[in-house]
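Dumped structure_21.cif below, it's mmCIF, C-alpha atoms:
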```cif
data_structure
loop_
_atom_site.label_atom_id
_atom_site.label_comp_id
_atom_site.auth_asym_id
_atom_site.auth_seq_id
_atom_site.Cartn_x
_atom_site.Cartn_y
_atom_site.Cartn_z
CA MET A 1 48.35 168.40 253.64
CA VAL A 2 50.20 171.59 254.68
CA ARG A 3 50.92 172.41 251.05
CA LEU A 4 47.25 171.91 250.12
CA VAL A 5 46.15 174.26 252.90
CA ARG A 6 48.68 176.86 251.77
CA TYR A 7 47.47 176.59 248.19
CA ILE A 8 43.82 177.05 249.17
CA SER A 9 44.67 180.03 251.40
CA MET A 10 46.32 181.83 248.51
CA VAL A 11 43.42 181.30 246.11
CA PHE A 12 41.76 184.31 247.70
CA VAL A 13 44.76 186.45 246.78
CA ILE A 14 44.76 185.18 243.22
CA VAL A 15 41.03 185.84 242.77
CA LEU A 16 41.30 189.35 244.16
CA TYR A 17 44.39 190.45 242.33
CA THR A 18 44.32 188.71 238.96
CA CYS A 19 40.84 189.50 237.63
CA GLY A 20 41.09 190.32 233.95
CA PHE A 21 44.38 188.51 233.36
CA GLU A 22 44.54 185.90 230.63
CA SER A 23 44.75 182.27 231.62
CA LEU A 24 48.30 181.03 232.01
CA ALA A 25 49.86 178.83 229.35
CA HIS A 26 52.86 176.66 230.15
CA THR A 27 55.27 176.03 227.31
CA GLN A 28 56.00 172.85 229.22
CA PRO A 29 54.39 171.25 232.29
CA LEU A 30 55.61 171.73 235.83
CA ALA A 31 58.98 170.04 236.06
CA ASN A 32 61.71 169.14 238.53
CA VAL A 33 65.47 169.14 238.52
CA LEU A 34 67.94 167.93 241.14
CA SER A 35 69.94 170.60 242.88
CA VAL A 36 73.62 170.08 243.64
CA ASP A 37 72.73 168.15 246.82
CA ASN A 38 70.10 166.01 245.03
CA VAL A 39 67.08 167.83 246.48
CA SER A 40 64.30 168.03 243.89
CA ILE A 41 63.60 171.60 242.75
CA ALA A 42 60.25 172.42 241.10
CA TYR A 43 59.97 175.00 238.35
CA ALA A 44 57.58 176.10 235.62
CA VAL A 45 58.13 177.74 232.23
CA TYR A 46 55.80 180.13 230.41
CA GLY A 47 55.87 182.16 227.21
CA PRO A 48 58.31 181.78 224.28
CA ALA A 49 60.37 178.62 224.21
CA THR A 50 63.64 180.48 223.65
CA GLY A 51 65.12 183.95 223.90
CA PRO A 52 65.55 186.43 226.75
CA THR A 53 64.43 184.95 230.04
CA VAL A 54 63.10 186.40 233.29
CA VAL A 55 63.39 184.12 236.32
CA PHE A 56 61.29 184.85 239.41
CA VAL A 57 62.60 183.79 242.83
CA HIS A 58 60.41 184.07 245.93
CA GLY A 59 61.32 185.16 249.41
CA TRP A 60 61.28 183.71 252.92
CA SER A 61 58.53 181.14 253.55
CA CYS A 62 56.81 181.96 250.26
CA ASP A 63 56.85 180.14 246.91
CA SER A 64 56.26 180.69 243.20
CA ARG A 65 52.54 181.44 243.69
CA TYR A 66 53.52 184.91 244.83
CA TRP A 67 54.47 185.75 241.22
CA HIS A 68 51.06 184.82 239.84
CA ASN A 69 50.35 188.40 238.78
CA GLN A 70 53.62 188.72 236.89
CA ILE A 71 53.46 185.57 234.76
CA PRO A 72 50.78 186.66 232.25
CA TYR A 73 52.32 190.10 231.81
CA PHE A 74 55.94 189.10 231.27
CA SER A 75 55.35 185.85 229.37
CA LYS A 76 53.97 187.85 226.44
CA LYS A 77 57.49 189.07 225.68
CA TYR A 78 59.91 186.86 227.57
CA ARG A 79 60.40 183.27 228.51
CA VAL A 80 59.33 183.28 232.16
CA ILE A 81 60.56 180.76 234.72
CA THR A 82 59.30 180.46 238.29
CA VAL A 83 61.22 178.46 240.87
CA ASP A 84 60.26 176.90 244.19
CA LEU A 85 63.37 176.89 246.38
CA ALA A 86 64.14 173.74 248.37
CA GLY A 87 61.66 173.19 251.20
CA HIS A 88 59.13 175.53 249.59
CA GLY A 89 56.12 175.00 247.33
CA ASN A 90 56.43 171.81 245.30
CA SER A 91 60.16 171.34 245.85
CA GLY A 92 61.74 168.65 247.98
CA PHE A 93 63.07 168.71 251.51
CA GLY A 94 65.96 166.78 253.04
CA ARG A 95 68.52 169.46 253.84
CA GLN A 96 69.98 169.61 257.31
CA VAL A 97 70.48 173.36 256.89
CA TYR A 98 68.71 175.68 254.43
CA THR A 99 71.39 178.20 253.51
CA THR A 100 70.90 181.16 251.21
CA GLU A 101 73.80 179.98 249.09
CA ALA A 102 72.18 176.56 248.66
CA PHE A 103 69.06 178.33 247.40
CA GLY A 104 71.33 180.01 244.84
CA TRP A 105 72.41 176.58 243.69
CA ASP A 106 68.71 175.64 243.32
CA VAL A 107 68.23 178.50 240.86
CA ALA A 108 71.46 177.59 239.07
CA ALA A 109 70.26 173.99 238.64
CA VAL A 110 67.13 175.22 236.85
CA LEU A 111 69.17 177.52 234.58
CA ARG A 112 71.45 174.64 233.69
CA GLN A 113 68.58 172.21 233.12
CA LEU A 114 66.91 174.61 230.66
CA ASP A 115 70.23 175.76 229.16
CA VAL A 116 69.32 179.39 229.80
CA LYS A 117 71.84 181.82 228.27
CA GLN A 118 70.41 185.29 228.95
CA ALA A 119 68.58 185.39 232.25
CA VAL A 120 67.47 188.35 234.30
CA LEU A 121 66.92 187.04 237.82
CA VAL A 122 64.22 188.73 239.90
CA GLY A 123 64.35 188.08 243.63
CA HIS A 124 61.89 189.19 246.32
CA SER A 125 63.11 189.86 249.86
CA MET A 126 65.48 187.01 250.80
CA GLY A 127 65.36 186.15 247.09
CA GLY A 128 67.51 189.22 246.46
CA GLU A 129 70.49 187.53 248.10
CA VAL A 130 69.53 184.22 246.51
CA VAL A 131 69.83 185.68 243.00
CA LEU A 132 73.15 187.31 243.92
CA TYR A 133 74.46 183.86 244.79
CA ALA A 134 72.96 182.38 241.62
CA ALA A 135 74.70 185.01 239.49
CA LYS A 136 78.03 184.09 241.06
CA ILE A 137 77.40 180.39 240.53
CA SER A 138 76.23 180.77 236.91
CA PRO A 139 77.96 183.86 235.49
CA ASP A 140 77.64 182.56 231.93
CA ARG A 141 73.84 182.36 232.18
CA VAL A 142 72.89 185.53 234.08
CA ILE A 143 72.96 189.01 232.52
CA GLY A 144 71.35 191.02 235.31
CA LEU A 145 69.53 191.09 238.63
CA VAL A 146 66.47 192.89 239.98
CA GLY A 147 65.71 192.92 243.69
CA VAL A 148 62.11 193.36 244.80
CA ASP A 149 61.85 195.27 248.09
CA THR A 150 65.27 194.06 249.13
CA LEU A 151 68.98 194.99 249.09
CA GLU A 152 68.09 198.39 250.55
CA ASP A 153 71.61 199.04 251.87
CA LEU A 154 74.32 196.91 250.31
CA GLY A 155 76.98 198.28 252.64
CA MET A 156 75.11 197.55 255.86
CA VAL A 157 75.85 194.64 258.18
CA TYR A 158 73.15 194.50 260.82
CA PRO A 159 74.24 193.74 264.40
CA ASP A 160 73.40 190.38 265.92
CA GLU A 161 71.11 192.07 268.45
CA VAL A 162 68.83 193.23 265.64
CA LYS A 163 68.80 189.83 263.96
CA ASN A 164 68.16 188.01 267.23
CA SER A 165 65.28 190.35 268.07
CA ILE A 166 63.55 189.06 264.94
CA TYR A 167 64.59 185.41 264.99
CA GLU A 168 64.20 184.47 268.65
CA PRO A 169 60.51 185.35 269.13
CA ILE A 170 59.59 183.57 265.89
CA ALA A 171 61.60 180.49 266.90
CA ALA A 172 59.92 180.44 270.32
CA ASN A 173 56.32 180.82 269.12
CA PHE A 174 56.30 180.37 265.39
CA VAL A 175 52.74 180.85 264.13
CA PRO A 176 51.66 184.01 265.98
CA LYS A 177 55.10 185.64 265.79
CA ALA A 178 55.53 184.85 262.08
CA GLN A 179 52.13 186.43 261.48
CA GLU A 180 53.12 189.45 263.55
CA PHE A 181 56.33 189.72 261.55
CA VAL A 182 54.42 189.71 258.26
CA ARG A 183 51.89 192.28 259.49
CA SER A 184 54.75 194.65 260.35
CA MET A 185 55.70 194.70 256.66
CA PHE A 186 52.69 196.77 255.56
CA PRO A 187 51.68 200.42 255.96
CA ALA A 188 48.56 201.26 257.96
CA ASN A 189 46.41 201.76 254.85
CA ALA A 190 47.25 198.41 253.25
CA ASP A 191 44.53 195.94 252.21
CA LYS A 192 43.57 193.99 255.34
CA ALA A 193 42.41 190.90 253.45
CA LEU A 194 45.73 190.69 251.64
CA ILE A 195 47.67 191.11 254.87
CA ASP A 196 45.63 188.39 256.59
CA THR A 197 46.08 185.98 253.69
CA ILE A 198 49.85 186.43 253.46
CA ALA A 199 50.26 186.27 257.25
CA ARG A 200 48.35 182.97 257.39
CA ASP A 201 50.24 181.57 254.41
CA VAL A 202 53.72 182.41 255.68
CA SER A 203 52.93 181.11 259.16
CA SER A 204 51.82 177.77 257.69
CA ALA A 205 55.24 177.15 256.12
CA PRO A 206 57.27 174.17 257.37
CA GLN A 207 58.76 175.51 260.56
CA ASP A 208 62.10 173.73 260.34
CA VAL A 209 62.70 175.17 256.88
CA ALA A 210 61.51 178.64 257.88
CA LEU A 211 63.68 178.85 260.98
CA SER A 212 66.76 177.35 259.37
CA SER A 213 66.52 179.59 256.30
CA MET A 214 66.01 182.72 258.41
CA LYS A 215 68.92 181.86 260.69
CA GLU A 216 71.19 181.21 257.72
CA TYR A 217 69.97 184.29 255.87
CA PHE A 218 71.01 186.44 258.81
CA LYS A 219 74.57 185.15 258.34
CA VAL A 220 74.79 186.55 254.80
CA SER A 221 76.97 189.64 254.34
CA ASP A 222 75.80 191.78 251.44
CA PRO A 223 79.12 193.70 251.28
CA GLU A 224 80.92 190.38 250.75
CA LEU A 225 78.27 188.98 248.42
CA ILE A 226 78.42 191.86 245.95
CA LYS A 227 82.19 191.68 245.58
CA GLY A 228 83.07 190.76 242.02
CA LEU A 229 79.52 191.32 240.74
CA THR A 230 79.82 191.85 236.98
CA VAL A 231 76.17 192.17 235.89
CA PRO A 232 73.77 195.11 236.31
CA LEU A 233 71.84 195.30 239.57
CA LYS A 234 68.49 197.11 239.86
CA SER A 235 65.62 197.09 242.30
CA VAL A 236 61.94 197.92 242.63
CA ASN A 237 61.43 198.87 246.27
CA ALA A 238 58.75 200.27 248.51
CA ASP A 239 59.53 203.02 251.03
CA LEU A 240 58.52 201.22 254.22
CA TRP A 241 62.25 200.74 254.76
CA PRO A 242 64.45 203.41 253.11
CA THR A 243 66.79 202.45 250.28
CA ASN A 244 70.30 203.90 250.32
CA VAL A 245 70.42 204.57 246.59
CA ASP A 246 73.58 206.67 246.64
CA GLY A 247 75.41 204.23 248.90
CA ASN A 248 74.36 201.28 246.79
CA LYS A 249 75.47 203.04 243.61
CA LYS A 250 78.92 203.67 245.08
CA LEU A 251 79.29 199.95 245.73
CA VAL A 252 77.60 198.79 242.50
CA PRO A 253 77.75 201.54 239.83
CA SER A 254 74.99 199.91 237.75
CA TYR A 255 72.52 200.12 240.64
CA GLU A 256 69.18 201.86 240.05
CA MET A 257 65.99 201.81 242.07
CA ALA A 258 62.36 202.34 241.03
CA LEU A 259 60.27 203.44 244.01
CA MET A 260 56.75 202.34 244.88
CA LYS A 261 55.85 204.99 247.42
CA GLY A 262 53.31 204.15 250.10
CA TYR A 263 53.39 200.37 249.70
CA GLY A 264 54.55 197.47 251.85
CA HIS A 265 56.86 194.54 251.38
CA PHE A 266 54.73 192.48 248.96
CA ILE A 267 54.51 195.09 246.22
CA MET A 268 53.99 192.54 243.45
CA LEU A 269 50.67 191.63 245.11
CA GLU A 270 49.70 195.02 246.50
CA ASP A 271 49.66 196.82 243.14
CA PRO A 272 50.61 194.40 240.33
CA VAL A 273 49.84 196.85 237.51
CA LYS A 274 52.20 199.51 238.82
CA PHE A 275 54.77 196.95 239.89
CA ASN A 276 54.82 195.17 236.53
CA ALA A 277 55.43 198.42 234.69
CA LEU A 278 58.32 199.38 236.95
CA LEU A 279 59.83 195.90 236.87
CA GLU A 280 59.62 195.81 233.09
CA ARG A 281 61.43 199.14 232.96
CA MET A 282 64.28 197.70 235.02
CA VAL A 283 64.40 194.48 233.00
CA ASN A 284 64.57 196.48 229.76
CA LYS A 285 67.38 198.60 231.19
CA ILE A 286 69.36 195.45 231.85
CA PHE A 287 68.84 194.13 228.34
CA ALA A 288 69.85 197.54 226.93
CA GLU A 289 72.99 197.69 229.07
CA THR A 290 73.90 194.16 228.03
CA LYS A 291 73.61 195.12 224.34
CA GLU A 292 75.82 198.18 224.91
CA LYS A 293 78.55 195.99 226.39
CA LYS A 294 78.54 193.85 223.26
#
```

Re-express the file's structure as structure tokens.
Amino acid sequence: MVRLVRYISMVFVIVLYTCGFESLAHTQPLANVLSVDNVSIAYAVYGPATGPTVVFVHGWSCDSRYWHNQIPYFSKKYRVITVDLAGHGNSGFGRQVYTTEAFGWDVAAVLRQLDVKQAVLVGHSMGGEVVLYAAKISPDRVIGLVGVDTLEDLGMVYPDEVKNSIYEPIAANFVPKAQEFVRSMFPANADKALIDTIARDVSSAPQDVALSSMKEYFKVSDPELIKGLTVPLKSVNADLWPTNVDGNKKLVPSYEMALMKGYGHFIMLEDPVKFNALLERMVNKIFAETKEKK
């Protein structure tokens, strides 16, 4: 029932922000694969049956619906895969703890199931760290990563006081505080209907999954996670939270950032036309850099 309510609540977003897009065409129906711990992971495939692949990974308490505006655009040129991480969307539950690394294994299971060889992984928010884990788990299948409004400062480890100031109010009073958290992710001039829809959707997520995944996410150390990274890393970020481009580039020389100035955290929904163009630019850079290596 919760999933049905979440689906209906997001229809408004889809109607508002996808007018004019072609209808989506699966190259195969929605499918499932078992992750390493036997939790069922849902995914969908669009576009060409083979060739270069772009995999979209959602963020905290979201799911693959949040990429609805990207599927028609990118599936014209690439095989597109969307993934619902465990406990999200149409994927299964059953984990005692929802770690960010386990989400990386979810993505890796889909790559293995489809025998993907040249994947660019695109991760929004928490999904940025998820795709970093997936690249480490499946180095033979991933050729590059793009973070979406995430990985702003790869050298930063935030103090526990900051993390607790976010987690504890949400854990104590989930629905209103989760909505408040989402609303803080937009500038003052953002579309109010979009903010309301996302706030309601995120706050209707399964609370045990949301709280566990947030708590575990706050344990992730980006400086440790990027050690040994061998594939290009890019991002498309807004400026609500500043990105330390120079610092990131010192840690990961391949790092580049395309800026969406004046937007909030859900840039793929706020301005899909602009976002798609910038994301495609970063994806093409990764494919070009991969060819140069060969």

Query raised in the report: When you draw a straight line from CA of Ser75 (chain A) to CA of Leu229 (chain A), how long is it in Å?
Result: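 Atom-to-atom, CA of Ser75 (chain A) and CA of Leu229 (chain A) are spaced 27.3 Å apart.
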
Expected selection from the PyMOL selection byres ((chain A and resi 157-164) around 12), given as a PDB file with C-alpha atoms, keeping the file's coordinate frame:
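This went into part_1.pdb:
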```pdb
ATOM      1  CA  LEU A 151      68.980 194.990 249.090  1.00  0.00           C
ATOM      2  CA  GLU A 152      68.090 198.390 250.550  1.00  0.00           C
ATOM      3  CA  ASP A 153      71.610 199.040 251.870  1.00  0.00           C
ATOM      4  CA  LEU A 154      74.320 196.910 250.310  1.00  0.00           C
ATOM      5  CA  GLY A 155      76.980 198.280 252.640  1.00  0.00           C
ATOM      6  CA  MET A 156      75.110 197.550 255.860  1.00  0.00           C
ATOM      7  CA  SER A 165      65.280 190.350 268.070  1.00  0.00           C
ATOM      8  CA  ILE A 166      63.550 189.060 264.940  1.00  0.00           C
ATOM      9  CA  TYR A 167      64.590 185.410 264.990  1.00  0.00           C
ATOM     10  CA  GLU A 168      64.200 184.470 268.650  1.00  0.00           C
ATOM     11  CA  PRO A 169      60.510 185.350 269.130  1.00  0.00           C
ATOM     12  CA  ILE A 170      59.590 183.570 265.890  1.00  0.00           C
ATOM     13  CA  ALA A 171      61.600 180.490 266.900  1.00  0.00           C
ATOM     14  CA  ALA A 172      59.920 180.440 270.320  1.00  0.00           C
ATOM     15  CA  LEU A 211      63.680 178.850 260.980  1.00  0.00           C
ATOM     16  CA  MET A 214      66.010 182.720 258.410  1.00  0.00           C
ATOM     17  CA  LYS A 215      68.920 181.860 260.690  1.00  0.00           C
ATOM     18  CA  GLU A 216      71.190 181.210 257.720  1.00  0.00           C
ATOM     19  CA  TYR A 217      69.970 184.290 255.870  1.00  0.00           C
ATOM     20  CA  PHE A 218      71.010 186.440 258.810  1.00  0.00           C
ATOM     21  CA  LYS A 219      74.570 185.150 258.340  1.00  0.00           C
ATOM     22  CA  VAL A 220      74.790 186.550 254.800  1.00  0.00           C
ATOM     23  CA  SER A 221      76.970 189.640 254.340  1.00  0.00           C
ATOM     24  CA  ASP A 222      75.800 191.780 251.440  1.00  0.00           C
ATOM     25  CA  PRO A 223      79.120 193.700 251.280  1.00  0.00           C
ATOM     26  CA  GLU A 224      80.920 190.380 250.750  1.00  0.00           C
ATOM     27  CA  LEU A 225      78.270 188.980 248.420  1.00  0.00           C
TER      28      LEU A 225
END
```

Report task. Can you pull out every residue within 7 Å of region 276-293 of chain A, counting only C-alpha atoms, but drop anything in the same chain fewer than 5 positions away, and send it as a PyMOL selection string? Result -> chain A and resi 70+120+143-144+232+234+236+258

Query raised in the report: Closest to Phe181 (chain A) among A:Pro72, A:Leu251, A:Ala102, A:Ser61, using all atoms listed in the file?
Result: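 For Phe181 (chain A), the nearest of the given residues is A:Ser61.
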
Query raised in the report: Can you tell me, as a ChimeraX atom specification, which residues sit within 12 Å of (63.7, 180.4, 226.4) in the file's frame, using only C-alpha atoms?
Result: /A:27-28,44-55,75,77-81,111,113-120,141

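For the atom pair formed by CA of Met260 (chain A) and CA of Val83 (chain A), the distance is 24.6 Å, given to one decimal.
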
Query raised in the report: What does the distance from CA of Asp196 (chain A) to CA of Trp241 (chain A) come to in Å, to one decimal?
Result: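 According to the coordinates, CA of Asp196 (chain A) and CA of Trp241 (chain A) are separated by 20.8 Å.
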
Report task. Evaluate the PyMOL selection byres ((chain A and resi 268) around 10) here and jot the selected residues down as a ChimeraX atom specification. Result -> /A:17,66-70,124,148-149,236,264-267,269-276,279

N, CA and C atoms restored at region 256-284 of chain A, emitted as a PDB file, in the coordinates of the input:
```pdb
ATOM      1  N   GLU A 256      70.281 200.909 240.182  1.00  0.00           N
ATOM      2  CA  GLU A 256      69.180 201.860 240.050  1.00  0.00           C
ATOM      3  C   GLU A 256      67.991 201.322 240.831  1.00  0.00           C
ATOM      4  N   MET A 257      67.155 202.230 241.311  1.00  0.00           N
ATOM      5  CA  MET A 257      65.990 201.810 242.070  1.00  0.00           C
ATOM      6  C   MET A 257      64.735 202.538 241.579  1.00  0.00           C
ATOM      7  N   ALA A 258      63.679 201.783 241.319  1.00  0.00           N
ATOM      8  CA  ALA A 258      62.360 202.340 241.030  1.00  0.00           C
ATOM      9  C   ALA A 258      61.541 202.256 242.311  1.00  0.00           C
ATOM     10  N   LEU A 259      60.954 203.365 242.711  1.00  0.00           N
ATOM     11  CA  LEU A 259      60.270 203.440 244.010  1.00  0.00           C
ATOM     12  C   LEU A 259      58.766 203.280 243.863  1.00  0.00           C
ATOM     13  N   MET A 260      58.191 202.431 244.722  1.00  0.00           N
ATOM     14  CA  MET A 260      56.750 202.340 244.880  1.00  0.00           C
ATOM     15  C   MET A 260      56.397 202.958 246.222  1.00  0.00           C
ATOM     16  N   LYS A 261      56.078 204.223 246.197  1.00  0.00           N
ATOM     17  CA  LYS A 261      55.850 204.990 247.420  1.00  0.00           C
ATOM     18  C   LYS A 261      54.510 204.635 248.053  1.00  0.00           C
ATOM     19  N   GLY A 262      54.534 204.398 249.355  1.00  0.00           N
ATOM     20  CA  GLY A 262      53.310 204.150 250.100  1.00  0.00           C
ATOM     21  C   GLY A 262      52.878 202.699 250.145  1.00  0.00           C
ATOM     22  N   TYR A 263      53.737 201.792 249.706  1.00  0.00           N
ATOM     23  CA  TYR A 263      53.390 200.370 249.700  1.00  0.00           C
ATOM     24  C   TYR A 263      54.205 199.604 250.741  1.00  0.00           C
ATOM     25  N   GLY A 264      53.854 198.329 250.907  1.00  0.00           N
ATOM     26  CA  GLY A 264      54.550 197.470 251.850  1.00  0.00           C
ATOM     27  C   GLY A 264      55.541 196.552 251.172  1.00  0.00           C
ATOM     28  N   HIS A 265      55.794 195.439 251.807  1.00  0.00           N
ATOM     29  CA  HIS A 265      56.860 194.540 251.380  1.00  0.00           C
ATOM     30  C   HIS A 265      56.470 193.638 250.207  1.00  0.00           C
ATOM     31  N   PHE A 266      55.187 193.398 250.011  1.00  0.00           N
ATOM     32  CA  PHE A 266      54.730 192.480 248.960  1.00  0.00           C
ATOM     33  C   PHE A 266      54.155 193.286 247.802  1.00  0.00           C
ATOM     34  N   ILE A 267      54.974 194.142 247.232  1.00  0.00           N
ATOM     35  CA  ILE A 267      54.510 195.090 246.220  1.00  0.00           C
ATOM     36  C   ILE A 267      53.980 194.418 244.967  1.00  0.00           C
ATOM     37  N   MET A 268      54.462 193.223 244.653  1.00  0.00           N
ATOM     38  CA  MET A 268      53.990 192.540 243.450  1.00  0.00           C
ATOM     39  C   MET A 268      52.549 192.066 243.595  1.00  0.00           C
ATOM     40  N   LEU A 269      52.061 191.973 244.848  1.00  0.00           N
ATOM     41  CA  LEU A 269      50.670 191.630 245.110  1.00  0.00           C
ATOM     42  C   LEU A 269      49.825 192.857 245.444  1.00  0.00           C
ATOM     43  N   GLU A 270      50.446 193.848 246.057  1.00  0.00           N
ATOM     44  CA  GLU A 270      49.700 195.020 246.500  1.00  0.00           C
ATOM     45  C   GLU A 270      49.200 195.875 245.332  1.00  0.00           C
ATOM     46  N   ASP A 271      50.052 196.051 244.323  1.00  0.00           N
ATOM     47  CA  ASP A 271      49.660 196.820 243.140  1.00  0.00           C
ATOM     48  C   ASP A 271      50.387 196.228 241.927  1.00  0.00           C
ATOM     49  N   PRO A 272      49.899 195.096 241.411  1.00  0.00           N
ATOM     50  CA  PRO A 272      50.610 194.400 240.330  1.00  0.00           C
ATOM     51  C   PRO A 272      50.740 195.219 239.055  1.00  0.00           C
ATOM     52  N   VAL A 273      49.764 196.062 238.751  1.00  0.00           N
ATOM     53  CA  VAL A 273      49.840 196.850 237.510  1.00  0.00           C
ATOM     54  C   VAL A 273      51.020 197.820 237.579  1.00  0.00           C
ATOM     55  N   LYS A 274      51.087 198.565 238.659  1.00  0.00           N
ATOM     56  CA  LYS A 274      52.200 199.510 238.820  1.00  0.00           C
ATOM     57  C   LYS A 274      53.520 198.777 238.935  1.00  0.00           C
ATOM     58  N   PHE A 275      53.532 197.714 239.710  1.00  0.00           N
ATOM     59  CA  PHE A 275      54.770 196.950 239.890  1.00  0.00           C
ATOM     60  C   PHE A 275      55.274 196.385 238.575  1.00  0.00           C
ATOM     61  N   ASN A 276      54.400 195.778 237.796  1.00  0.00           N
ATOM     62  CA  ASN A 276      54.820 195.170 236.530  1.00  0.00           C
ATOM     63  C   ASN A 276      55.459 196.190 235.598  1.00  0.00           C
ATOM     64  N   ALA A 277      54.878 197.383 235.555  1.00  0.00           N
ATOM     65  CA  ALA A 277      55.430 198.420 234.690  1.00  0.00           C
ATOM     66  C   ALA A 277      56.828 198.837 235.135  1.00  0.00           C
ATOM     67  N   LEU A 278      57.011 198.988 236.438  1.00  0.00           N
ATOM     68  CA  LEU A 278      58.320 199.380 236.950  1.00  0.00           C
ATOM     69  C   LEU A 278      59.347 198.258 236.784  1.00  0.00           C
ATOM     70  N   LEU A 279      58.909 197.030 237.042  1.00  0.00           N
ATOM     71  CA  LEU A 279      59.830 195.900 236.870  1.00  0.00           C
ATOM     72  C   LEU A 279      60.238 195.757 235.411  1.00  0.00           C
ATOM     73  N   GLU A 280      59.284 195.906 234.498  1.00  0.00           N
ATOM     74  CA  GLU A 280      59.620 195.810 233.090  1.00  0.00           C
ATOM     75  C   GLU A 280      60.633 196.880 232.685  1.00  0.00           C
ATOM     76  N   ARG A 281      60.469 198.069 233.252  1.00  0.00           N
ATOM     77  CA  ARG A 281      61.430 199.140 232.960  1.00  0.00           C
ATOM     78  C   ARG A 281      62.838 198.735 233.378  1.00  0.00           C
ATOM     79  N   MET A 282      62.968 198.124 234.533  1.00  0.00           N
ATOM     80  CA  MET A 282      64.280 197.700 235.020  1.00  0.00           C
ATOM     81  C   MET A 282      64.831 196.535 234.191  1.00  0.00           C
ATOM     82  N   VAL A 283      63.971 195.602 233.835  1.00  0.00           N
ATOM     83  CA  VAL A 283      64.400 194.480 233.000  1.00  0.00           C
ATOM     84  C   VAL A 283      64.884 194.991 231.649  1.00  0.00           C
ATOM     85  N   ASN A 284      64.161 195.922 231.059  1.00  0.00           N
ATOM     86  CA  ASN A 284      64.570 196.480 229.760  1.00  0.00           C
ATOM     87  C   ASN A 284      65.881 197.238 229.864  1.00  0.00           C
TER      88      ASN A 284
END
```
